[in-house]
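Asker: Mind looking over this structure? Questions follow.
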Amino acid sequence: MVPLTLFQFLKSIPGIEWLKQQLIQLKLYEARLGELEGAVDVLKKELESVINRVNEEENRYGKVRTAKVKAWIEGVDVIISEYNEFNEDKCLDELAVLNFFTTGYLPKPGIRYCRSRRAYNIITKVNVKQNTAKFDKYAEWSGPPSKAAFLLTDSYEYFPSRDEIVIKLKAALGNPNVKMIGLHGLKGVGKSTMVKEVAKEVEANQNFVMTMANLEGNPGIRQIQGEIAGWLGITLVEESDSARAAQLEDHLKKKNTLVILDHLCAKLDFKLLGIPSLND
């Protein structure tokens, strides 16, 4: 088969259709800009709605946004950044727009064509995101890490000062009159590792039911309650913080429970959290 020359291709029916599509890119530049702006505005409102829904789930219920929602939000952020970059290039826009009576010159066909195609491509991406903005669930309780993973301390090093602290912690746990134990020190000295060593023995001897919460990053009350409940295998169904605290407190009173609060660096209202008071 003899290959067609460019001129022969443009005279053919497929060539004519292709040429029409390219000329449309030149003709519709201003209309594309308006369509793009409107589509992005709608997408931004949809993004705000999704983020508000996710924040409510995370802050009120201590849940974590689903991977699907997280990927959607990140994808929208990329598209909006691409739009902002496109929209802020005023120099190329002035060369592409048809505004002869103001600028005194005709648009540059090559620049006009490229920007029209780029606007069309962004609109396509925006439409895809808008069509996938509905989710079965926005956030979920991810569940606590496994106890085996939490208690794994391959890097634990034995030396006298640390061993002495671990012995004291174990002795305090065995004292029925001790209701609260605090371990403090500089960051990075191994406090969490020592607590894990003690927790291993608690888990092995089954003296206590163990639960924990990681307070690094200053999480909200509901998130801490959810993490403690997750380790215990219970679901907090109440709406208010105080009702959730009462449900959690009732459960903690049923058995000897070791509650580990890791990275505690500020005052915490145990009553509001649902941890029984020292007198209970």
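Residue numbers start at 1 in each chain; chains themselves are named A, B, ... in the order of the structure tokens; ligands are numbered from 1 in the order shown.
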For region 44-59 of chain A, please output as a list in words all residues within 8 Å (counting only C-alpha atoms; exclusion window: fewer than 3 positions along the same chain).
Answerer: Val40, Asp41, Gly62, Lys63, Val64, Arg65, Ile73, Val76, Gln130, Ala133, Tyr138, Ala139, Gly220, Arg222 and Gln223 of chain A
Asker: Please list as a PyMOL selection string every residue within 12 Å of Phe86 (chain A), counting only C-alpha atoms and excluding residues in the same chain fewer than 3 positions away.
Answerer: chain A and resi 33+36-37+79-83+89-93+114-122
Asker: Given only C-alpha atoms as the basis, pick out the residue of A:Leu236, A:Lys267, A:Ile275, A:Asn175 nearest to Glu249 (chain A).
Answerer: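 Smallest distance to Glu249 (chain A) is found for A:Ile275.
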Asker: When you look at region 205-212 of chain A with a cut-off of 6 Å (counting only C-alpha atoms), what residues show up, excluding the ones that are within fewer than 4 positions of it in the same chain? I need them as a list in words.
Answerer: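 Here the answer would be Glu201, Ile228, Trp231, Asn256, Thr257, Leu258, Val259, Ile260 and Leu261 of chain A.
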Asker: I need the chosen residues saved as a PDB file, in the first residue's frame, with all heavy atoms.
Answerer:
ATOM      1  N   GLU A 201       4.797  -8.526  79.145  1.00  0.00           N
ATOM      2  CA  GLU A 201       4.603  -9.405  80.295  1.00  0.00           C
ATOM      3  C   GLU A 201       3.138  -9.400  80.726  1.00  0.00           C
ATOM      4  O   GLU A 201       2.580 -10.442  81.091  1.00  0.00           O
ATOM      5  CB  GLU A 201       5.497  -8.963  81.449  1.00  0.00           C
ATOM      6  CG  GLU A 201       5.403  -9.880  82.660  1.00  0.00           C
ATOM      7  CD  GLU A 201       6.497  -9.590  83.681  1.00  0.00           C
ATOM      8  OE1 GLU A 201       7.677  -9.483  83.275  1.00  0.00           O
ATOM      9  OE2 GLU A 201       6.158  -9.466  84.865  1.00  0.00           O
ATOM     10  N   ILE A 228      -8.991   3.598  71.905  1.00  0.00           N
ATOM     11  CA  ILE A 228      -9.064   2.748  73.102  1.00  0.00           C
ATOM     12  C   ILE A 228     -10.131   1.665  72.913  1.00  0.00           C
ATOM     13  O   ILE A 228      -9.907   0.490  73.212  1.00  0.00           O
ATOM     14  CB  ILE A 228      -9.372   3.597  74.350  1.00  0.00           C
ATOM     15  CG1 ILE A 228      -8.192   4.523  74.675  1.00  0.00           C
ATOM     16  CG2 ILE A 228      -9.676   2.707  75.549  1.00  0.00           C
ATOM     17  CD1 ILE A 228      -8.471   5.502  75.799  1.00  0.00           C
ATOM     18  N   TRP A 231      -9.069  -1.202  70.452  1.00  0.00           N
ATOM     19  CA  TRP A 231      -8.193  -2.220  71.049  1.00  0.00           C
ATOM     20  C   TRP A 231      -9.005  -3.211  71.881  1.00  0.00           C
ATOM     21  O   TRP A 231      -8.654  -4.385  71.983  1.00  0.00           O
ATOM     22  CB  TRP A 231      -7.144  -1.551  71.932  1.00  0.00           C
ATOM     23  CG  TRP A 231      -5.962  -1.030  71.192  1.00  0.00           C
ATOM     24  CD1 TRP A 231      -5.849   0.181  70.592  1.00  0.00           C
ATOM     25  CD2 TRP A 231      -4.721  -1.698  70.958  1.00  0.00           C
ATOM     26  NE1 TRP A 231      -4.620   0.322  69.999  1.00  0.00           N
ATOM     27  CE2 TRP A 231      -3.901  -0.835  70.223  1.00  0.00           C
ATOM     28  CE3 TRP A 231      -4.221  -2.953  71.315  1.00  0.00           C
ATOM     29  CZ2 TRP A 231      -2.616  -1.170  69.820  1.00  0.00           C
ATOM     30  CZ3 TRP A 231      -2.931  -3.283  70.925  1.00  0.00           C
ATOM     31  CH2 TRP A 231      -2.143  -2.411  70.180  1.00  0.00           C
ATOM     32  N   ASN A 256      -9.816  -5.817  84.982  1.00  0.00           N
ATOM     33  CA  ASN A 256      -8.573  -5.085  85.200  1.00  0.00           C
ATOM     34  C   ASN A 256      -7.988  -4.736  83.827  1.00  0.00           C
ATOM     35  O   ASN A 256      -7.619  -5.627  83.060  1.00  0.00           O
ATOM     36  CB  ASN A 256      -7.575  -5.937  85.983  1.00  0.00           C
ATOM     37  CG  ASN A 256      -7.978  -6.087  87.437  1.00  0.00           C
ATOM     38  OD1 ASN A 256      -8.674  -5.241  87.981  1.00  0.00           O
ATOM     39  ND2 ASN A 256      -7.545  -7.177  88.062  1.00  0.00           N
ATOM     40  N   THR A 257      -7.930  -3.464  83.550  1.00  0.00           N
ATOM     41  CA  THR A 257      -7.509  -3.025  82.219  1.00  0.00           C
ATOM     42  C   THR A 257      -6.302  -2.105  82.323  1.00  0.00           C
ATOM     43  O   THR A 257      -6.321  -1.133  83.084  1.00  0.00           O
ATOM     44  CB  THR A 257      -8.650  -2.280  81.497  1.00  0.00           C
ATOM     45  OG1 THR A 257      -9.820  -3.108  81.476  1.00  0.00           O
ATOM     46  CG2 THR A 257      -8.252  -1.956  80.067  1.00  0.00           C
ATOM     47  N   LEU A 258      -5.277  -2.420  81.567  1.00  0.00           N
ATOM     48  CA  LEU A 258      -4.107  -1.553  81.467  1.00  0.00           C
ATOM     49  C   LEU A 258      -4.312  -0.622  80.283  1.00  0.00           C
ATOM     50  O   LEU A 258      -4.329  -1.054  79.128  1.00  0.00           O
ATOM     51  CB  LEU A 258      -2.834  -2.379  81.271  1.00  0.00           C
ATOM     52  CG  LEU A 258      -1.548  -1.578  80.979  1.00  0.00           C
ATOM     53  CD1 LEU A 258      -1.214  -0.644  82.141  1.00  0.00           C
ATOM     54  CD2 LEU A 258      -0.382  -2.519  80.690  1.00  0.00           C
ATOM     55  N   VAL A 259      -4.504   0.670  80.563  1.00  0.00           N
ATOM     56  CA  VAL A 259      -4.689   1.676  79.516  1.00  0.00           C
ATOM     57  C   VAL A 259      -3.373   2.418  79.332  1.00  0.00           C
ATOM     58  O   VAL A 259      -2.913   3.115  80.237  1.00  0.00           O
ATOM     59  CB  VAL A 259      -5.814   2.666  79.885  1.00  0.00           C
ATOM     60  CG1 VAL A 259      -6.000   3.691  78.758  1.00  0.00           C
ATOM     61  CG2 VAL A 259      -7.120   1.926  80.157  1.00  0.00           C
ATOM     62  N   ILE A 260      -2.760   2.254  78.181  1.00  0.00           N
ATOM     63  CA  ILE A 260      -1.484   2.915  77.877  1.00  0.00           C
ATOM     64  C   ILE A 260      -1.769   4.151  77.041  1.00  0.00           C
ATOM     65  O   ILE A 260      -2.357   4.052  75.957  1.00  0.00           O
ATOM     66  CB  ILE A 260      -0.539   1.967  77.115  1.00  0.00           C
ATOM     67  CG1 ILE A 260      -0.242   0.724  77.952  1.00  0.00           C
ATOM     68  CG2 ILE A 260       0.752   2.693  76.749  1.00  0.00           C
ATOM     69  CD1 ILE A 260       0.572  -0.326  77.202  1.00  0.00           C
ATOM     70  N   LEU A 261      -1.366   5.298  77.538  1.00  0.00           N
ATOM     71  CA  LEU A 261      -1.499   6.550  76.794  1.00  0.00           C
ATOM     72  C   LEU A 261      -0.096   6.990  76.397  1.00  0.00           C
ATOM     73  O   LEU A 261       0.646   7.571  77.202  1.00  0.00           O
ATOM     74  CB  LEU A 261      -2.194   7.606  77.652  1.00  0.00           C
ATOM     75  CG  LEU A 261      -3.617   7.251  78.115  1.00  0.00           C
ATOM     76  CD1 LEU A 261      -4.171   8.335  79.038  1.00  0.00           C
ATOM     77  CD2 LEU A 261      -4.540   7.053  76.924  1.00  0.00           C
TER      78      LEU A 261
END
Asker: Please measure the separation of CA of Glu238 (chain A) and CA of Phe135 (chain A), giving the value in Å to one decimal.
Answerer: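 Rounded to one decimal, the two atoms are 24.0 Å apart.
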Asker: Using only C-alpha atoms, find the one residue out of A:Ile234, A:Ala266, A:Val69, A:Ala199 that sits nearest to Thr132 (chain A).
Answerer: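 Once distances to Thr132 (chain A) are computed over only C-alpha atoms, the minimum belongs to A:Val69.
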Asker: Measuring between only C-alpha atoms, which one of A:Lys254, A:Ser192, A:Leu248, A:Leu215 shows the shortest distance to Thr235 (chain A)?
Answerer: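 Using only C-alpha atoms, Thr235 (chain A) sits closest to A:Leu248.
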